[in-house]
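Taking it in order: structure first as structure tokens, then the write-up.
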Amino acid sequence: MHISEGVLSAPVLLAGAVLSLVGLTLGLKKIKNEDIPKVAVLSSAFFVASLIHIPIGPTSAHLVLNGLVGMLLGWSAFPSIFVALVLQAILFQFGGLTTLGVNTFSMAMPGVLSYYIFRKMIHKGKNAAFIGGFLGGALAILLGTIFISVSLIETEKSFTGVAATLLTMHLPIAFIEGIITGFVVIYLKKVKPEALG
Amino acid sequence: MKRSFNPDNLLFVIPIIFFIQILSIFISSTADAHKVSAYAYREGDKILGECYFVDGSACKNSKVEVYNTKGDKILETLTDEKGKFSFTTKEKGELKIIIPAGEGHRAEYRIEGIKEQVERKEIKKEVLKEEKQSKSNQNYLDREEITKMIDEVMDLKLQGLRSEIMDLRKQMDRIGLRDIFGGIGYIFGIWGIIMLIKRKRNAS
């Protein structure tokens, strides 16, 4: 889920940039020094995740892991995802430098929302933590597709059409990432509970 | 509770890397990727091109829009099953080909106009030379016919070269391990710098 350069109009790009800037400053302020290795690792996980493609019917979609990043970092997901997106744009030409704002916001914000909705659940028992992680990971993907569809509202003719195709394409991704996030959460709970924040 | 930096913080990398590795083994990466690239060349009035995804697979049945230097849309066509497209145009200037592949993906390619004319002149010179020769041989062939013949021979000769260029382009667009590891290195570097800055601020 990356929007390429030249697709969006200036007002949409500007709105995305402003929203992301708010998230970035909030995120950078909230990062504690000792959390930075964690942020960096999740940054690179997000960076690599989009190279893993899962064939769905005639096309394919790639992993995003924004739910995992969000669940583990909260607002710090913004700078974490931003850094990864900058490098994806430069090295892989995924997305683009002008669309960084829009892409950052539509990937990081769902993660942050997942964090606030499910963060209580992941501190409960093992089963509840897994379910919380699963739902958080899956929700972040689904919200991400909706955010992307909203930003494409001007370019593509029908919002519901784009949203529907993106959603169906990403349902399997949401499922897989839910499982990944769930397992990471219970693993961390066992090995390093304080990393769950 | 104040926590100090502890290398154990990195422990949870293991499951993430593990998952990613398992997934990348089982999931074929041959399916369509999401970055779209386009390439096109002129052949007289005809323009031939190809559109493909980052992994080299074809971009099927996609819309192709062609714009001239003024930015007006001249024509619109579709790619075929192999991701190829062709159209004829009288435009001599630079052409911009845009392929909107949907859901926020887009490829752009520019074809220069002037170079082609230079090539044409060279061909014409050759044609003139041959014309003289054939005239001296009392074997008159009209100019158009010779041009056509040369074009055919050239096409045959250039075909291999063209497909080679295409393969090279696809290879260049493919993402290599170097990019991936380089990117991860950059990410750690950037976060290292952020950490240093934060630490200095906290100290002062």
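Following the order of the structure tokens, chains are lettered A, B, ..., residues in each are numbered from 1, and ligands are numbered from 1.
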
Show me, as a VMD selection string, the residues that have an atom within 9 Å of A:Leu24 when counting only C-alpha atoms, minus same-chain residues fewer than 2 positions from it. chain A and resid 19 to 22 26 to 29 75 to 80 82

DSSP-assigned helix (DSSP H, G or I) among chain A, expressed as an MDAnalysis selection string: chainID A and resid 10:30 33:49 66:92 100:118 121:123 126:151 159:191 193:196

Quick check, in Å to one decimal: how far apart do atom CA of B:Ser62 and atom CA of B:Leu158 lie?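 Between atom CA of B:Ser62 and atom CA of B:Leu158 the gap is 26.7 Å.
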
DSSP on the backbone: which residues in stretch 24-192 of chain A end up as strand (DSSP E or B)? Give the answer as a count of residues only. 8

Contacts of B:Glu108 at 12 Å (only C-alpha atoms; same-chain gap of 6+ positions) as number ranges by chain: A: 4-7; B: 35-40, 49-52, 64-67, 95-101

Just the residues within 8 Å of stretch 168-180 of chain A, please, counting only C-alpha atoms, with nothing from its chain fewer than 2 positions along; format it as a list in words.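 Non-adjacent residues within range: Ile54, Ile56, Ser60, Ala61, His62, Leu63, Val64, Leu65, Gly67, Leu68, Gly133, Phe134, Leu135, Gly136, Gly137, Ala138, Leu139, Ala140, Ile141, Leu142, Thr145, Ala164, Thr165, Leu166, Gly182, Phe183 and Val184 of chain A; Phe19 of chain B.
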
Define the interface residues of chain A facing chain B as those within 7 Å, counting only C-alpha atoms, and report them as a short mmCIF file (atom, residue, chain, number, x, y, z; two decimals) with C-alpha atoms, in the first residue's frame.
data_model
loop_
_atom_site.label_atom_id
_atom_site.label_comp_id
_atom_site.auth_asym_id
_atom_site.auth_seq_id
_atom_site.Cartn_x
_atom_site.Cartn_y
_atom_site.Cartn_z
CA ILE A 3 0.74 5.72 -3.37
CA SER A 4 3.09 6.60 -6.22
CA VAL A 7 -1.11 10.50 -8.47
CA ASN A 33 16.39 6.80 24.68
CA GLU A 34 16.35 3.20 25.79
CA ILE A 36 15.35 3.51 20.34
CA PRO A 37 16.81 0.07 19.53
CA LYS A 38 13.25 -1.29 19.58
CA ALA A 40 14.95 0.85 14.90
CA VAL A 41 14.27 -2.88 14.74
CA SER A 43 11.56 0.28 11.41
CA SER A 44 13.60 -2.30 9.56
CA ILE A 52 7.07 -10.14 0.96
CA HIS A 53 4.29 -10.63 -1.52
CA ILE A 54 1.35 -12.87 -1.03
CA PRO A 55 -0.49 -13.87 -4.20
CA THR A 59 -2.72 -9.82 -8.25
CA SER A 60 -0.85 -9.80 -4.99
CA VAL A 83 12.20 6.34 8.29
CA ALA A 84 11.30 3.01 6.68
CA LEU A 87 14.31 4.35 2.48
CA LEU A 91 16.02 2.39 -2.64
CA PHE A 92 13.02 0.58 -4.07
CA PHE A 94 8.04 2.30 -3.66
CA LEU A 152 -7.38 8.49 -3.50
CA VAL A 162 -11.32 1.41 -4.67
CA VAL A 184 4.97 -11.58 18.70
CA LEU A 188 7.34 -10.74 24.14
#

Atom CA of B:Lys82 to atom CA of B:Ser57: how many Å, to one decimal? 8.5 Å

Pick out the residues sitting within 7 Å of stretch 42-45 of chain B, and hand them over as a VMD selection string; count only C-alpha atoms, and ignore anything fewer than 5 positions along from it in its own chain. chain B and resid 88 to 90

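In this structure, atom CA of A:Ala108 sits 22.2 Å away from atom CA of A:Ile186.
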
Shell around A:Ala17 at 10 Å using only C-alpha atoms, local window under 3 positions removed, as a list in words: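 Final neighbour list, sorted by chain and number: Pro11, Val12, Leu13, Leu14, Ser20, Leu21, Val22, Gly23, Thr98, Thr99, Leu100, Gly101, Val102, Asn103, Thr104 and Phe105 of chain A.
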
Selection from above, N, CA and C atoms, as a PDB file, in the first residue's frame, can you write it?
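Listed below is the output, part_34.pdb:
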ATOM      1  N   PRO A  11      -3.209  19.694  -2.641  1.00  0.00           N
ATOM      2  CA  PRO A  11      -3.865  19.821  -1.328  1.00  0.00           C
ATOM      3  C   PRO A  11      -3.861  18.524  -0.518  1.00  0.00           C
ATOM      4  N   VAL A  12      -4.077  17.399  -1.218  1.00  0.00           N
ATOM      5  CA  VAL A  12      -4.081  16.105  -0.517  1.00  0.00           C
ATOM      6  C   VAL A  12      -2.694  15.809   0.046  1.00  0.00           C
ATOM      7  N   LEU A  13      -1.668  16.083  -0.788  1.00  0.00           N
ATOM      8  CA  LEU A  13      -0.291  15.844  -0.347  1.00  0.00           C
ATOM      9  C   LEU A  13       0.036  16.697   0.869  1.00  0.00           C
ATOM     10  N   LEU A  14      -0.403  17.962   0.810  1.00  0.00           N
ATOM     11  CA  LEU A  14      -0.114  18.897   1.900  1.00  0.00           C
ATOM     12  C   LEU A  14      -0.801  18.450   3.182  1.00  0.00           C
ATOM     13  N   SER A  20       1.097  14.072   9.148  1.00  0.00           N
ATOM     14  CA  SER A  20       2.239  13.235   9.499  1.00  0.00           C
ATOM     15  C   SER A  20       3.222  13.988  10.374  1.00  0.00           C
ATOM     16  N   LEU A  21       3.384  15.275  10.084  1.00  0.00           N
ATOM     17  CA  LEU A  21       4.313  16.090  10.874  1.00  0.00           C
ATOM     18  C   LEU A  21       3.878  16.131  12.335  1.00  0.00           C
ATOM     19  N   VAL A  22       2.571  16.267  12.545  1.00  0.00           N
ATOM     20  CA  VAL A  22       2.047  16.257  13.910  1.00  0.00           C
ATOM     21  C   VAL A  22       2.384  14.924  14.584  1.00  0.00           C
ATOM     22  N   GLY A  23       2.100  13.839  13.869  1.00  0.00           N
ATOM     23  CA  GLY A  23       2.390  12.512  14.399  1.00  0.00           C
ATOM     24  C   GLY A  23       3.869  12.329  14.686  1.00  0.00           C
ATOM     25  N   THR A  98       7.330  12.754  -2.558  1.00  0.00           N
ATOM     26  CA  THR A  98       6.261  13.737  -2.342  1.00  0.00           C
ATOM     27  C   THR A  98       5.068  13.119  -1.613  1.00  0.00           C
ATOM     28  N   THR A  99       4.889  11.810  -1.767  1.00  0.00           N
ATOM     29  CA  THR A  99       3.739  11.176  -1.138  1.00  0.00           C
ATOM     30  C   THR A  99       4.074  10.627   0.257  1.00  0.00           C
ATOM     31  N   LEU A 100       5.285  10.942   0.723  1.00  0.00           N
ATOM     32  CA  LEU A 100       5.694  10.432   2.036  1.00  0.00           C
ATOM     33  C   LEU A 100       4.697  10.767   3.135  1.00  0.00           C
ATOM     34  N   GLY A 101       4.214  12.017   3.127  1.00  0.00           N
ATOM     35  CA  GLY A 101       3.287  12.452   4.172  1.00  0.00           C
ATOM     36  C   GLY A 101       2.044  11.590   4.194  1.00  0.00           C
ATOM     37  N   VAL A 102       1.410  11.477   3.027  1.00  0.00           N
ATOM     38  CA  VAL A 102       0.169  10.705   2.934  1.00  0.00           C
ATOM     39  C   VAL A 102       0.414   9.252   3.325  1.00  0.00           C
ATOM     40  N   ASN A 103       1.491   8.679   2.776  1.00  0.00           N
ATOM     41  CA  ASN A 103       1.776   7.272   3.056  1.00  0.00           C
ATOM     42  C   ASN A 103       2.081   7.044   4.534  1.00  0.00           C
ATOM     43  N   THR A 104       2.886   7.939   5.127  1.00  0.00           N
ATOM     44  CA  THR A 104       3.218   7.779   6.542  1.00  0.00           C
ATOM     45  C   THR A 104       1.959   7.809   7.389  1.00  0.00           C
ATOM     46  N   PHE A 105       1.116   8.818   7.114  1.00  0.00           N
ATOM     47  CA  PHE A 105      -0.080   8.941   7.946  1.00  0.00           C
ATOM     48  C   PHE A 105      -0.998   7.743   7.773  1.00  0.00           C
TER      49      PHE A 105
END

Which polymer residues have any atom within 7 Å of an atom of A:Phe159, counting only C-alpha atoms, with same-chain residues fewer than 4 positions away left out, as a list in words?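 Listing them by chain and then by number gives Ser149, Ile153 and Ala163 of chain A.
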
I need the residues from that last selection saved to file as an mmCIF file, in the first residue's frame (with N, CA and C atoms), if you can.
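What landed in result_21.cif:
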data_model
loop_
_atom_site.group_PDB
_atom_site.id
_atom_site.type_symbol
_atom_site.label_atom_id
_atom_site.label_comp_id
_atom_site.auth_asym_id
_atom_site.auth_seq_id
_atom_site.Cartn_x
_atom_site.Cartn_y
_atom_site.Cartn_z
ATOM 1 N N SER A 149 -7.754 4.628 0.536
ATOM 2 C CA SER A 149 -8.893 4.907 -0.352
ATOM 3 C C SER A 149 -9.361 6.340 -0.193
ATOM 4 N N ILE A 153 -9.522 9.505 -3.061
ATOM 5 C CA ILE A 153 -10.912 9.846 -3.369
ATOM 6 C C ILE A 153 -11.021 10.776 -4.574
ATOM 7 N N ALA A 163 -12.062 1.247 -2.397
ATOM 8 C CA ALA A 163 -12.042 0.719 -1.033
ATOM 9 C C ALA A 163 -12.352 -0.770 -1.040
#
